[in-house]
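Peer 1: Supplied structure: model-v4.cif, mmCIF, C-alpha atoms and all ligand atoms.
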data_work
#
loop_
_atom_site.label_atom_id
_atom_site.label_comp_id
_atom_site.auth_asym_id
_atom_site.auth_seq_id
_atom_site.Cartn_x
_atom_site.Cartn_y
_atom_site.Cartn_z
CA MET D 1 86.71 101.26 109.63
CA ILE D 2 86.63 97.91 111.44
CA HIS D 3 89.86 95.92 111.43
CA THR D 4 89.57 92.16 111.78
CA SER D 5 91.82 89.93 113.84
CA SER D 6 95.14 88.91 112.29
CA THR D 7 94.64 85.44 113.66
CA MET D 8 91.76 84.87 111.24
CA CYS D 9 92.99 86.60 108.09
CA THR D 10 96.51 87.46 107.04
CA PRO D 11 96.85 91.23 107.22
CA THR D 12 98.89 93.25 104.80
CA VAL D 13 102.51 93.50 105.87
CA THR D 14 103.69 97.00 105.12
CA GLU D 15 107.30 98.15 105.00
CA VAL D 16 106.94 100.44 107.97
CA PRO D 17 104.66 99.27 110.77
CA ARG D 18 101.18 100.74 110.51
CA HIS D 19 100.66 100.59 114.24
CA ILE D 20 103.29 100.83 116.98
CA ALA D 21 102.35 100.25 120.63
CA ILE D 22 104.79 101.22 123.37
CA ILE D 23 105.17 100.53 127.08
CA MET D 24 107.11 103.59 128.22
CA ASP D 25 109.11 102.10 131.08
CA GLY D 26 112.12 103.30 133.04
CA ASN D 27 111.17 106.88 133.99
CA GLY D 28 111.77 106.26 137.70
CA ARG D 29 115.07 104.44 137.24
CA TRP D 30 116.30 107.11 134.83
CA ALA D 31 115.65 109.75 137.52
CA GLU D 32 117.09 107.65 140.37
CA SER D 33 120.28 106.99 138.38
CA ARG D 34 120.76 110.78 138.34
CA ARG D 35 119.82 111.21 142.00
CA LEU D 36 116.72 113.09 140.93
CA PRO D 37 113.20 112.57 142.32
CA ARG D 38 111.30 109.85 140.42
CA VAL D 39 108.75 112.36 139.17
CA SER D 40 111.37 114.25 137.18
CA GLY D 41 111.65 111.05 135.13
CA HIS D 42 107.98 111.42 134.23
CA VAL D 43 108.52 115.06 133.22
CA LYS D 44 111.38 113.99 130.95
CA GLY D 45 109.22 111.07 129.80
CA LEU D 46 106.59 113.50 128.58
CA GLU D 47 109.26 115.20 126.44
CA THR D 48 110.00 111.79 124.91
CA VAL D 49 106.28 111.36 124.17
CA LYS D 50 106.46 114.54 122.07
CA ILE D 51 109.69 113.46 120.33
CA ILE D 52 108.34 110.01 119.43
CA THR D 53 104.99 111.39 118.29
CA LYS D 54 106.85 113.70 115.90
CA SER D 55 109.11 110.82 114.74
CA CYS D 56 106.10 108.66 113.97
CA THR D 57 104.52 111.47 111.96
CA MET D 58 107.74 111.93 109.96
CA ARG D 59 108.00 108.18 109.39
CA ASN D 60 104.40 107.88 108.14
CA ILE D 61 103.29 105.62 110.96
CA LYS D 62 99.49 105.72 111.07
CA PHE D 63 98.83 104.62 114.69
CA LEU D 64 100.91 105.20 117.82
CA THR D 65 99.58 103.81 121.10
CA LEU D 66 101.25 104.67 124.40
CA PHE D 67 100.66 102.95 127.74
CA ALA D 68 100.59 105.91 130.14
CA PHE D 69 98.85 104.53 133.22
CA SER D 70 97.71 101.02 134.14
CA PRO D 71 95.11 100.09 136.78
CA GLU D 72 98.04 98.64 138.78
CA ASN D 73 99.71 102.08 138.83
CA TRP D 74 97.12 103.31 141.41
CA ARG D 75 99.18 101.26 143.90
CA ARG D 76 102.10 103.73 143.64
CA PRO D 77 102.76 106.27 146.38
CA ILE D 78 99.92 108.82 146.46
CA ASP D 79 102.32 111.71 145.69
CA GLU D 80 103.53 110.03 142.52
CA VAL D 81 99.99 109.21 141.39
CA SER D 82 98.79 112.77 141.93
CA PHE D 83 101.88 114.10 140.13
CA LEU D 84 101.09 111.87 137.15
CA MET D 85 97.49 113.18 137.14
CA ARG D 86 98.69 116.79 137.14
CA LEU D 87 101.13 116.00 134.34
CA PHE D 88 98.30 114.46 132.33
CA ILE D 89 96.17 117.57 132.89
CA SER D 90 98.93 119.95 131.87
CA ALA D 91 99.78 117.82 128.80
CA LEU D 92 96.12 117.85 127.72
CA GLU D 93 95.87 121.60 128.24
CA ARG D 94 99.16 122.57 126.62
CA GLU D 95 99.60 120.12 123.78
CA ILE D 96 96.15 120.00 122.24
CA ALA D 97 96.67 123.02 119.97
CA HIS D 98 99.96 121.54 118.81
CA LEU D 99 98.32 118.17 118.04
CA TYR D 100 95.55 119.95 116.18
CA THR D 101 97.84 122.01 113.94
CA ASN D 102 99.93 118.92 113.18
CA ASN D 103 96.85 117.02 111.96
CA ILE D 104 97.17 114.45 114.78
CA ARG D 105 94.04 112.81 116.16
CA LEU D 106 94.11 112.11 119.90
CA ARG D 107 92.21 109.22 121.43
CA VAL D 108 92.27 108.06 125.03
CA VAL D 109 91.31 104.50 125.98
CA GLY D 110 90.75 103.01 129.42
CA ASP D 111 88.35 103.22 132.33
CA LEU D 112 88.20 106.99 132.63
CA SER D 113 85.47 106.88 135.29
CA MET D 114 88.25 106.56 137.89
CA PHE D 115 89.73 109.93 136.91
CA GLU D 116 88.66 113.27 138.32
CA PRO D 117 85.94 115.08 136.28
CA ARG D 118 88.42 117.71 135.07
CA ILE D 119 90.51 115.06 133.33
CA GLN D 120 87.41 113.45 131.83
CA ASP D 121 86.29 116.84 130.44
CA LEU D 122 89.73 117.63 129.03
CA VAL D 123 89.90 114.22 127.33
CA GLN D 124 86.46 114.70 125.82
CA ASN D 125 87.38 118.18 124.53
CA ALA D 126 90.74 117.04 123.16
CA GLU D 127 89.18 114.10 121.33
CA ALA D 128 86.42 116.30 119.91
CA LYS D 129 88.83 119.04 118.82
CA THR D 130 91.07 116.63 116.90
CA ALA D 131 88.32 114.28 115.64
CA SER D 132 88.55 115.43 112.02
CA ASN D 133 92.35 115.26 111.83
CA THR D 134 93.55 112.73 109.27
CA GLY D 135 97.22 112.20 110.17
CA LEU D 136 98.70 110.11 112.97
CA ILE D 137 96.21 108.61 115.42
CA LEU D 138 97.82 108.95 118.83
CA THR D 139 96.16 106.80 121.48
CA ILE D 140 96.94 107.25 125.14
CA ALA D 141 96.04 104.22 127.26
CA ALA D 142 95.08 105.62 130.66
CA ASN D 143 93.79 103.38 133.44
CA TYR D 144 93.75 100.81 130.68
CA GLY D 145 94.19 97.09 131.24
CA GLY D 146 93.99 94.34 128.65
CA ARG D 147 91.81 92.23 130.93
CA TRP D 148 89.52 95.20 131.63
CA ASP D 149 89.18 95.67 127.87
CA ILE D 150 88.27 92.02 127.20
CA LEU D 151 85.80 92.11 130.07
CA GLN D 152 84.09 95.34 128.97
CA ALA D 153 83.83 93.89 125.43
CA THR D 154 82.23 90.74 126.85
CA ARG D 155 79.74 92.84 128.83
CA LYS D 156 78.78 94.78 125.68
CA ILE D 157 78.20 91.50 123.84
CA ALA D 158 76.12 90.12 126.72
CA GLN D 159 74.03 93.33 126.79
CA GLN D 160 73.51 93.11 123.03
CA CYS D 161 72.30 89.52 123.44
CA VAL D 162 69.77 90.70 126.05
CA ASP D 163 68.62 93.66 123.92
CA ASP D 164 68.23 91.65 120.71
CA ASN D 165 66.71 88.70 122.54
CA SER D 166 69.00 86.58 120.38
CA ILE D 167 72.35 84.86 120.68
CA GLN D 168 74.85 87.06 118.89
CA SER D 169 77.32 85.02 116.87
CA VAL D 170 80.64 86.19 118.16
CA ASN D 171 83.86 84.95 116.65
CA GLU D 172 87.53 85.90 116.60
CA SER D 173 86.98 88.26 113.66
CA ASN D 174 84.19 90.35 115.11
CA PHE D 175 85.15 90.26 118.82
CA SER D 176 87.66 93.07 118.30
CA GLN D 177 84.80 95.41 117.28
CA TYR D 178 83.83 95.52 120.94
CA LEU D 179 87.31 96.38 122.22
CA ALA D 180 88.26 99.92 123.19
CA MET D 181 90.56 100.25 120.17
CA ALA D 182 88.15 98.87 117.55
CA TYR D 183 89.18 101.79 115.32
CA ALA D 184 92.77 100.56 114.91
CA PRO D 185 94.43 97.55 113.31
CA GLU D 186 96.31 95.31 115.74
CA PRO D 187 99.81 96.61 116.52
CA ASP D 188 102.48 95.44 114.08
CA LEU D 189 105.26 96.36 116.48
CA PHE D 190 105.26 96.39 120.29
CA ILE D 191 108.14 98.17 122.01
CA ARG D 192 108.95 98.09 125.70
CA THR D 193 111.73 100.32 127.00
CA GLY D 194 113.50 100.04 130.37
CA GLY D 195 114.76 96.45 130.16
CA GLU D 196 111.74 94.47 131.41
CA GLN D 197 110.43 91.83 129.04
CA ARG D 198 106.73 91.44 129.72
CA VAL D 199 103.38 92.65 128.42
CA SER D 200 102.05 93.89 131.79
CA ASN D 201 98.34 93.61 130.94
CA PHE D 202 98.62 95.90 127.89
CA LEU D 203 96.72 95.07 124.67
CA LEU D 204 96.27 91.39 125.48
CA TRP D 205 93.87 90.48 122.69
CA GLN D 206 95.56 92.57 120.01
CA LEU D 207 99.18 91.49 120.63
CA ALA D 208 98.55 87.89 119.49
CA TYR D 209 100.60 88.24 116.28
CA THR D 210 102.55 91.43 117.01
CA GLU D 211 106.34 91.56 116.69
CA PHE D 212 108.01 92.35 120.04
CA TYR D 213 111.04 94.59 120.57
CA PHE D 214 112.60 95.07 124.00
CA THR D 215 115.32 97.59 124.77
CA GLY D 216 117.21 98.42 127.94
CA VAL D 217 117.06 102.15 127.09
CA PHE D 218 115.02 104.05 129.68
CA TRP D 219 112.00 105.87 128.23
CA PRO D 220 113.39 109.40 128.92
CA GLU D 221 116.39 108.49 126.72
CA PHE D 222 114.42 106.83 123.95
CA ASN D 223 114.57 108.93 120.76
CA ASP D 224 114.16 108.88 117.00
CA MET D 225 117.36 106.87 116.54
CA GLU D 226 116.19 104.20 119.02
CA LEU D 227 112.81 104.11 117.30
CA GLY D 228 114.65 103.61 114.01
CA LYS D 229 116.47 100.60 115.50
CA ALA D 230 113.17 99.08 116.60
CA ILE D 231 111.65 99.62 113.15
CA ALA D 232 114.77 98.19 111.45
CA SER D 233 114.46 95.10 113.65
CA TYR D 234 110.78 94.81 112.69
CA CYS D 235 111.61 95.14 108.99
CA GLY D 236 114.06 92.23 109.29
CA ARG D 237 111.41 89.87 110.68
CA GLU D 238 109.46 87.34 108.66
CA ARG D 239 105.79 87.66 109.60
CA ARG D 240 104.43 84.25 108.77
CA PHE D 241 101.03 84.32 110.52
CA GLY D 242 101.11 80.54 110.81
CA ARG D 243 102.42 79.86 107.28
CA THR D 244 105.82 78.40 106.42
CA GLY D 245 108.71 80.55 105.25
CA GLU D 246 108.60 78.69 101.92
CA GLN D 247 104.93 79.59 101.38
CA LEU D 248 105.76 83.25 101.88
CA THR D 249 108.70 83.12 99.43
CA ARG D 250 106.49 81.44 96.84
CA LYS D 251 103.80 84.06 97.37
CA SER D 252 106.23 86.95 96.87
CA GLN D 253 107.75 85.21 93.80
CA ASN D 254 104.27 84.90 92.32
CA ILE D 255 103.68 88.59 92.95
CA ASP D 256 107.09 89.40 91.36
CA ALA D 257 106.12 87.30 88.32
CA LEU D 258 102.82 89.17 88.01
CA LEU D 259 104.60 92.50 88.19
CA CYS D 260 107.14 91.55 85.44
C1 LIG W 301 106.77 103.90 133.70
O1 LIG W 301 108.00 104.24 134.28
C2 LIG W 301 106.02 105.11 133.35
C3 LIG W 301 104.78 105.44 133.85
C4 LIG W 301 104.04 104.61 134.79
C5 LIG W 301 104.13 106.70 133.48
C6 LIG W 301 104.32 107.12 132.06
C7 LIG W 301 104.15 108.59 131.98
C8 LIG W 301 104.83 109.39 131.13
C9 LIG W 301 105.78 108.90 130.10
C10 LIG W 301 104.67 110.85 131.20
C11 LIG W 301 103.31 111.35 130.98
C12 LIG W 301 102.69 110.91 129.71
C13 LIG W 301 101.54 111.40 129.26
C14 LIG W 301 100.96 110.85 128.00
C15 LIG W 301 100.81 112.51 129.93
P1 LIG W 301 108.27 103.81 135.78
O2 LIG W 301 107.92 104.94 136.67
O3 LIG W 301 107.57 102.52 136.05
O4 LIG W 301 109.82 103.59 135.77
P2 LIG W 301 110.65 102.53 136.63
O5 LIG W 301 110.26 101.17 136.10
O6 LIG W 301 112.05 102.89 136.31
O7 LIG W 301 110.29 102.75 138.06
#
Would you write out, as structure tokens, the structure that this file holds?

Peer 2:
Amino acid sequence: MIHTSSTMCTPTVTEVPRHIAIIMDGNGRWAESRRLPRVSGHVKGLETVKIITKSCTMRNIKFLTLFAFSPENWRRPIDEVSFLMRLFISALEREIAHLYTNNIRLRVVGDLSMFEPRIQDLVQNAEAKTASNTGLILTIAANYGGRWDILQATRKIAQQCVDDNSIQSVNESNFSQYLAMAYAPEPDLFIRTGGEQRVSNFLLWQLAYTEFYFTGVFWPEFNDMELGKAIASYCGRERRFGRTGEQLTRKSQNIDALLC
């Protein structure tokens, strides 16, 4: 199913967010605050990934998208980068059966050509194995950047123009079909843990109308209760999508009247 941009049509606002996107920040600082090596923060962070995936399943969230590795992360010390790669490999090897039996579909987005062939094969197998699962769609953004995504979409459009020998009419509604996450609606709720308040080149196109939630809690300490706080904050927001608050009240009153 193709989901159009919220900037062009007002999407349905559901009680629980349909799609939650998270920047999992604070692994290193969590470890350093305990005088542990930074990488042990990533190990603990992987445990949190499992906890939050389960929480989202229990809470009937349809899409969970996690920012695991950005193109900028290659600039980290080589030991930390190779540790993260090994952790990714072991997570793909160990967790896939668990994802499968829990009806979770795994997708990985990003420029995977930079990863070693073993990782690329594991990703392909994991996506294929869970492709028919109908529950939570868990997306891992790996070597993903919002600018990379917009650029690769633009290249696809340019190629299509060349192939069709015609000028493709591209607009805000259909542009998202070319993005790496064309299969998902735009995130309703964006969470960043670890205290920083920025988007860091995550889903740049898709976050246009997303509700933001920042918490100082480090990712390894984030849990179901913290997720509940973020969702409660989201539920208290008024998503106007450019309309006035009064228009929204009138709309819901009209719906109430129809239901009476
Ligand atoms: C940010 O914390 C976290 C990362 C760059 C890596 C995220 C990885 C995991 C949560 C574990 C592996 C996950 C998967 C899906 C295999 P940071 O290191 O930037 O923390 P800091 O800001 O405190 O230094």

Peer 1: Looking at all atoms listed in the file, which of D:Glu72, D:Glu238, D:Glu47, D:Glu15 is the one that sits closest to Tyr144 of chain D?

Peer 2: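 The shortest atom-to-atom distance to Tyr144 of chain D comes from D:Glu72.
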
Peer 1: Just how far from atom CA of Val81 of chain D is atom CA of Ser200 of chain D, in Å to one decimal?

Peer 2: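 Between these atoms lies a distance of 18.2 Å.
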
Peer 1: Please identify every residue of chain D that has at least one atom no farther than 8 Å from an atom of ligand LIG 301 (chain W), counting only C-alpha atoms and all ligand atoms, and for each give the shortest atom pair and the distance in Å to one decimal, arranged by chain then increasing number, as CSV.

Peer 2:
residue,atom,partner,partner_atom,distance
D:Ile23,CA,W:LIG301,C1,7.6
D:Met24,CA,W:LIG301,C2,5.5
D:Asp25,CA,W:LIG301,C1,3.9
D:Gly26,CA,W:LIG301,O6,3.3
D:Asn27,CA,W:LIG301,O4,4.0
D:Gly28,CA,W:LIG301,O6,3.7
D:Arg29,CA,W:LIG301,O6,3.5
D:Trp30,CA,W:LIG301,O6,6.2
D:Ala31,CA,W:LIG301,O6,7.8
D:Arg38,CA,W:LIG301,O2,7.0
D:Val39,CA,W:LIG301,O2,7.9
D:Gly41,CA,W:LIG301,O2,7.3
D:His42,CA,W:LIG301,C10,4.5
D:Val43,CA,W:LIG301,C10,6.1
D:Lys44,CA,W:LIG301,C10,7.4
D:Gly45,CA,W:LIG301,C9,4.1
D:Leu46,CA,W:LIG301,C10,4.2
D:Glu47,CA,W:LIG301,C10,7.9
D:Thr48,CA,W:LIG301,C9,7.3
D:Val49,CA,W:LIG301,C9,6.4
D:Leu66,CA,W:LIG301,C14,7.2
D:Phe67,CA,W:LIG301,C6,7.0
D:Ala68,CA,W:LIG301,C6,4.4
D:Phe69,CA,W:LIG301,C4,5.4
D:Ser70,CA,W:LIG301,C4,7.3
D:Asn73,CA,W:LIG301,C4,6.4
D:Leu84,CA,W:LIG301,C11,6.6
D:Met85,CA,W:LIG301,C15,8.0
D:Leu87,CA,W:LIG301,C15,5.6
D:Phe88,CA,W:LIG301,C15,4.0
D:Ile89,CA,W:LIG301,C15,7.5
D:Ser90,CA,W:LIG301,C15,7.9
D:Ala91,CA,W:LIG301,C15,5.5
D:Leu92,CA,W:LIG301,C15,7.4
D:Ile140,CA,W:LIG301,C14,6.1
D:Gly194,CA,W:LIG301,O5,6.7
D:Phe218,CA,W:LIG301,O6,7.4
D:Trp219,CA,W:LIG301,C9,7.2
D:Pro220,CA,W:LIG301,C9,7.7

Peer 1: Work out how far apart atom CA of Pro17 of chain D and atom CA of Asp188 of chain D are and give it in Å to one decimal.

Peer 2: 5.5 Å

Peer 1: What is the distance between atom CA of Thr193 of chain D and atom CA of Val123 of chain D, in Å to one decimal?

Peer 2: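 Computing the Euclidean distance for atom CA of Thr193 of chain D and atom CA of Val123 of chain D yields 25.9 Å.
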
Peer 1: Give me the residues near Ile231 of chain D as a ChimeraX atom specification, where near means some atom within 10 Å (using all atoms listed in the file) and where sequence neighbours in that chain fewer than 3 positions away do not count.

Peer 2: /D:15-17,20,189,191,213,225-228,234-236

Peer 1: Looking at D:Arg59, D:Arg35, D:Arg107, D:Arg75, which one is nearest to Ala182 of chain D, with distances taken over all atoms listed in the file?

Peer 2: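 For Ala182 of chain D, the nearest of the given residues is D:Arg107.
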
Peer 1: Tell me which of D:Thr210, D:Ser233, D:Gln160, D:Ser40 sits closest to Tyr178 of chain D, counting only C-alpha atoms.

Peer 2: D:Gln160

Peer 1: Any chance you could build segment 153-166 of chain D out to N, CA and C atoms and write it as a compact mmCIF listing (two decimals), in the frame of the given file?

Peer 2:
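For reference, part-v4.txt as written:
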# COMPACT_ATOMS: atom_id res chain seq x y z
N ALA D 153 84.33 94.36 126.73
CA ALA D 153 83.83 93.89 125.43
C ALA D 153 82.81 92.77 125.65
N THR D 154 83.13 91.87 126.57
CA THR D 154 82.23 90.74 126.85
C THR D 154 80.91 91.25 127.41
N ARG D 155 80.99 92.27 128.26
CA ARG D 155 79.74 92.84 128.83
C ARG D 155 78.88 93.45 127.73
N LYS D 156 79.54 94.16 126.80
CA LYS D 156 78.78 94.78 125.68
C LYS D 156 78.07 93.70 124.88
N ILE D 157 78.78 92.60 124.63
CA ILE D 157 78.20 91.50 123.84
C ILE D 157 77.02 90.90 124.60
N ALA D 158 77.19 90.70 125.90
CA ALA D 158 76.12 90.12 126.72
C ALA D 158 74.89 91.04 126.68
N GLN D 159 75.13 92.37 126.81
CA GLN D 159 74.03 93.33 126.79
C GLN D 159 73.30 93.27 125.45
N GLN D 160 74.10 93.17 124.37
CA GLN D 160 73.51 93.11 123.03
C GLN D 160 72.62 91.87 122.90
N CYS D 161 73.09 90.76 123.48
CA CYS D 161 72.30 89.52 123.44
C CYS D 161 70.96 89.73 124.15
N VAL D 162 71.00 90.44 125.29
CA VAL D 162 69.77 90.70 126.05
C VAL D 162 68.85 91.60 125.23
N ASP D 163 69.43 92.69 124.67
CA ASP D 163 68.62 93.66 123.92
C ASP D 163 67.97 93.04 122.69
N ASP D 164 68.74 92.23 121.96
CA ASP D 164 68.23 91.65 120.71
C ASP D 164 67.40 90.40 120.96
N ASN D 165 67.40 89.95 122.19
CA ASN D 165 66.71 88.70 122.54
C ASN D 165 67.18 87.56 121.61
N SER D 166 68.46 87.62 121.26
CA SER D 166 69.00 86.58 120.38
C SER D 166 70.45 86.30 120.78
